[in-house]
Amino acid sequence: MVFHSEDKMTAAKKVRFELLADNYLREDPDYKPRIEITCTDGKHTYTDFNPGIRLGPPNRPGFWGQPQMRVMVRVDDAHSYHGWNWIRGRFLSVDKGTTRELIGAHIFKVEIRGRNGPEIAEFSPAGLDLDRVKQACDLTPKRPSKD
């Protein structure tokens, strides 16, 4: 899904791409996890992963000391680990590199720590319109690096 808006004060044009998971997590069978890519005036602003459940506690400090959660990501056949900023126990801030891998992937999975143990959100981003993402966010797909 794509949402367009304009800031009334600054006239900044905002575009938000929302990608819903293919599955539900155990803790909330009524809410699908989602990834939201937000762009302003043709540039990527941020990407958030909202699992729809309360996250487990952060398990590592970031570079500046901010709380992070270590997540495992699968992009097609490649697996990697990332430290995503933990925001109020509700969602995680996805790095730009992973966002670029996501938009070019056929299979994208995220394993997080929920309050009751590991949870895996599964996405099928192959339906994203890459031309629209490029125009709205100046993002191009990137192949995952082999770890």
# chains A, B, ... in the order shown; residues from 1 in each chain; ligands from 1
>>> residues_around(residues="stretch 110-125 of chain A", least_positions_apart="3", cutoff="6 Å", atoms="only C-alpha atoms", output="PyMOL selection string")
chain A and resi 21-22+55-56+71-73+106-107+128
>>> residues_around(residues="stretch 83-95 of chain A", least_positions_apart="5", cutoff="7 Å", atoms="only C-alpha atoms", output="ChimeraX atom specification")
/A:47-51,53-55,58,66-71
>>> write_last_selection(atoms="C-alpha atoms", output="compact mmCIF listing (two decimals), in the first residue's frame")
# COMPACT_ATOMS: atom_id res chain seq x y z
CA THR A 47 11.98 2.61 7.80
CA ASP A 48 10.20 1.04 10.76
CA PHE A 49 9.33 -2.56 11.53
CA ASN A 50 6.12 -2.78 13.57
CA PRO A 51 5.52 -6.36 14.76
CA ILE A 53 3.28 -7.10 19.66
CA ARG A 54 5.26 -5.88 22.67
CA LEU A 55 8.89 -6.58 21.99
CA PRO A 58 16.62 -4.50 24.11
CA GLN A 66 20.63 3.84 22.40
CA PRO A 67 18.82 0.55 23.11
CA GLN A 68 18.84 -1.95 20.27
CA MET A 69 17.55 -5.41 19.54
CA ARG A 70 19.65 -7.90 17.62
CA VAL A 71 17.49 -9.39 14.86
>>> closest_residue(among="A:Met1, A:Gly52, A:Gly127, A:Lys8", to="A:Glu27", atoms="only C-alpha atoms")
A:Gly52
>>> closest_residue(among="A:Ile103, A:Ile35, A:Val15, A:Leu20", to="A:Leu139", atoms="only C-alpha atoms")
A:Ile103
>>> select_by_dssp(residues="stretch 4-36 of chain A", states="strand (DSSP E or B)", output="PyMOL selection string")
chain A and resi 4-6+13-20+25+28+34-36
>>> select_by_dssp(residues="stretch 57-125 of chain A", states="alpha helix (DSSP H)", output="VMD selection string")
chain A and resid 96 to 103
>>> write_last_selection(atoms="N, CA and C atoms", output="JSON list (two decimals), in the first residue's frame")
[["chain", "number", "residue", "atom", "x", "y", "z"],
["A", 96, "LYS", "N", 19.10, 1.64, 6.58],
["A", 96, "LYS", "CA", 18.88, 1.91, 5.15],
["A", 96, "LYS", "C", 19.39, 0.75, 4.28],
["A", 97, "GLY", "N", 20.50, 0.14, 4.66],
["A", 97, "GLY", "CA", 21.02, -0.99, 3.88],
["A", 97, "GLY", "C", 20.04, -2.15, 3.81],
["A", 98, "THR", "N", 19.44, -2.47, 4.95],
["A", 98, "THR", "CA", 18.45, -3.55, 4.97],
["A", 98, "THR", "C", 17.20, -3.16, 4.19],
["A", 99, "THR", "N", 16.83, -1.88, 4.24],
["A", 99, "THR", "CA", 15.69, -1.40, 3.46],
["A", 99, "THR", "C", 15.96, -1.62, 1.97],
["A", 100, "ARG", "N", 17.17, -1.32, 1.52],
["A", 100, "ARG", "CA", 17.51, -1.53, 0.11],
["A", 100, "ARG", "C", 17.50, -3.01, -0.27],
["A", 101, "GLU", "N", 17.93, -3.88, 0.66],
["A", 101, "GLU", "CA", 17.86, -5.32, 0.41],
["A", 101, "GLU", "C", 16.41, -5.78, 0.34],
["A", 102, "LEU", "N", 15.58, -5.25, 1.22],
["A", 102, "LEU", "CA", 14.16, -5.61, 1.29],
["A", 102, "LEU", "C", 13.45, -5.32, -0.02],
["A", 103, "ILE", "N", 13.66, -4.12, -0.58],
["A", 103, "ILE", "CA", 12.86, -3.75, -1.77],
["A", 103, "ILE", "C", 13.21, -4.59, -3.00]]
>>> closest_residue(among="A:Glu6, A:Asn23, A:Gly42, A:Tyr31", to="A:Arg132", atoms="only C-alpha atoms")
A:Gly42
>>> residues_around(residues="A:Lys14", least_positions_apart="4", cutoff="9 Å", atoms="only C-alpha atoms", output="list in words")
Phe3, His4, Ser5, Glu6, Asp7, Thr38, Cys39, Thr40, Asp41, Gly42 and Ala136 of chain A
>>> atom_distance(atom1="atom CA of A:Arg143", atom2="atom CA of A:Phe63")
24.8 Å
>>> closest_residue(among="A:Ala105, A:Val2, A:Pro29, A:Lys13", to="A:Thr45", atoms="only C-alpha atoms")
A:Lys13
>>> closest_residue(among="A:Asp76, A:Asp129, A:Pro144, A:Pro33", to="A:Phe17", atoms="only C-alpha atoms")
A:Asp129
>>> residues_around(residues="A:Arg74", least_positions_apart="5", cutoff="6 Å", atoms="only C-alpha atoms", output="list of chain:residue names")
A:His79, A:Phe108, A:Lys109
>>> write_last_selection(atoms="C-alpha atoms", output="tab-separated table (two decimals), in the first residue's frame")
chain	number	residue	atom	x	y	z
A	79	HIS	CA	20.98	-14.53	6.44
A	108	PHE	CA	12.17	-11.29	3.44
A	109	LYS	CA	11.91	-12.64	6.98
>>> decode(residues="stretch 84-100 of chain A", atoms="N, CA and C atoms", output="mmCIF file, in the first residue's frame")
data_model
loop_
_atom_site.group_PDB
_atom_site.id
_atom_site.type_symbol
_atom_site.label_atom_id
_atom_site.label_comp_id
_atom_site.auth_asym_id
_atom_site.auth_seq_id
_atom_site.Cartn_x
_atom_site.Cartn_y
_atom_site.Cartn_z
ATOM 1 N N TRP A 84 18.910 -3.217 15.431
ATOM 2 C CA TRP A 84 17.940 -2.189 15.086
ATOM 3 C C TRP A 84 17.545 -1.437 16.343
ATOM 4 N N ASN A 85 17.443 -0.124 16.225
ATOM 5 C CA ASN A 85 17.062 0.700 17.372
ATOM 6 C C ASN A 85 15.684 0.289 17.879
ATOM 7 N N TRP A 86 15.594 0.138 19.180
ATOM 8 C CA TRP A 86 14.394 -0.319 19.885
ATOM 9 C C TRP A 86 13.632 0.924 20.312
ATOM 10 N N ILE A 87 12.421 1.115 19.786
ATOM 11 C CA ILE A 87 11.650 2.333 20.028
ATOM 12 C C ILE A 87 10.443 2.010 20.917
ATOM 13 N N ARG A 88 10.525 2.423 22.186
ATOM 14 C CA ARG A 88 9.420 2.299 23.153
ATOM 15 C C ARG A 88 8.827 0.894 23.264
ATOM 16 N N GLY A 89 9.584 -0.131 22.932
ATOM 17 C CA GLY A 89 9.095 -1.498 23.074
ATOM 18 C C GLY A 89 8.021 -1.890 22.092
ATOM 19 N N ARG A 90 7.765 -1.029 21.108
ATOM 20 C CA ARG A 90 6.680 -1.273 20.156
ATOM 21 C C ARG A 90 7.155 -1.532 18.728
ATOM 22 N N PHE A 91 8.252 -0.897 18.316
ATOM 23 C CA PHE A 91 8.736 -1.122 16.963
ATOM 24 C C PHE A 91 10.236 -0.935 16.902
ATOM 25 N N LEU A 92 10.822 -1.322 15.764
ATOM 26 C CA LEU A 92 12.266 -1.256 15.553
ATOM 27 C C LEU A 92 12.555 -0.399 14.333
ATOM 28 N N SER A 93 13.626 0.355 14.395
ATOM 29 C CA SER A 93 14.044 1.214 13.292
ATOM 30 C C SER A 93 15.004 0.426 12.399
ATOM 31 N N VAL A 94 14.630 0.235 11.147
ATOM 32 C CA VAL A 94 15.394 -0.572 10.195
ATOM 33 C C VAL A 94 16.443 0.310 9.519
ATOM 34 N N ASP A 95 17.661 -0.224 9.379
ATOM 35 C CA ASP A 95 18.719 0.544 8.724
ATOM 36 C C ASP A 95 18.475 0.641 7.213
ATOM 37 N N LYS A 96 19.097 1.641 6.579
ATOM 38 C CA LYS A 96 18.882 1.906 5.154
ATOM 39 C C LYS A 96 19.386 0.752 4.275
ATOM 40 N N GLY A 97 20.498 0.135 4.661
ATOM 41 C CA GLY A 97 21.024 -0.986 3.877
ATOM 42 C C GLY A 97 20.042 -2.146 3.807
ATOM 43 N N THR A 98 19.439 -2.473 4.949
ATOM 44 C CA THR A 98 18.450 -3.551 4.972
ATOM 45 C C THR A 98 17.203 -3.155 4.191
ATOM 46 N N THR A 99 16.831 -1.877 4.240
ATOM 47 C CA THR A 99 15.693 -1.397 3.456
ATOM 48 C C THR A 99 15.959 -1.625 1.968
ATOM 49 N N ARG A 100 17.169 -1.320 1.517
ATOM 50 C CA ARG A 100 17.510 -1.526 0.106
ATOM 51 C C ARG A 100 17.498 -3.011 -0.265
#
